[in-house]
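Reviewing the structure listed below.
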Amino acid sequence: MGEGAGAGTVQLVSLSDEQIESLSQGVAEVLFPRLKKYRPKKTMTLDQVCKYLSLSDDSIRRYVKSGSFPAPVKIKGKLQFDRDEIDYWWEQKTEESKQIFKGKNGE
């Protein structure tokens with residue numbers, strides 16, 4: 001075999017920060033729902049979510065109503081939120097904030 005990529009050859013590539021972020025988001029979107037089904041759900045009440053995120057219940061309700069926040073389910077008469085979905089939402093919001101801040105500072 002001559003030079004070049006062949007069977008069993010590993011080729012290294014360099015990715016920009018944006019490409020890495022895009023790739024990691026794509027992987028998370030594919031794997032996150034699949035991984036969730038293998039773990040028991042950790043649920044939180046509205047009050048727990050408010051304390052966990054340091055947000056008011058009015059804010060959480062507005063986010064839910066607008067569709068921009070993970071929807072709760074009713075379990076035994078109480079609204080329950082999936083903690084993994086809350087964590088994922090928070091990660092996305094944190095990343096959005098970083099990008100906005102990065103853009104404003106010209107970085």
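Every chain in the structure tokens takes a letter, A first, then B, and so on in the order presented; its residues are numbered from 1, and the ligands are numbered from 1 following the presented order.
Non-sequential neighbours of Pro72 (chain A) (distance at most 12 Å, separation of 2 or more positions within a chain, only C-alpha atoms) are A:Thr43, A:Met44, A:Thr45, A:Leu46, A:Val49, A:Ile60, A:Arg61, A:Tyr63, A:Val64, A:Lys65, A:Gly67, A:Phe69, A:Pro70, A:Lys74, A:Ile75, A:Gly77, A:Lys78, A:Leu79, A:Gln80, A:Phe81, A:Asp82, A:Arg83, A:Glu85, A:Ile86.
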Could you give me the residues within region 6-104 of chain A that DSSP places in alpha helix (DSSP H), as a ChimeraX atom specification? /A:17-36,46-53,57-66,83-104
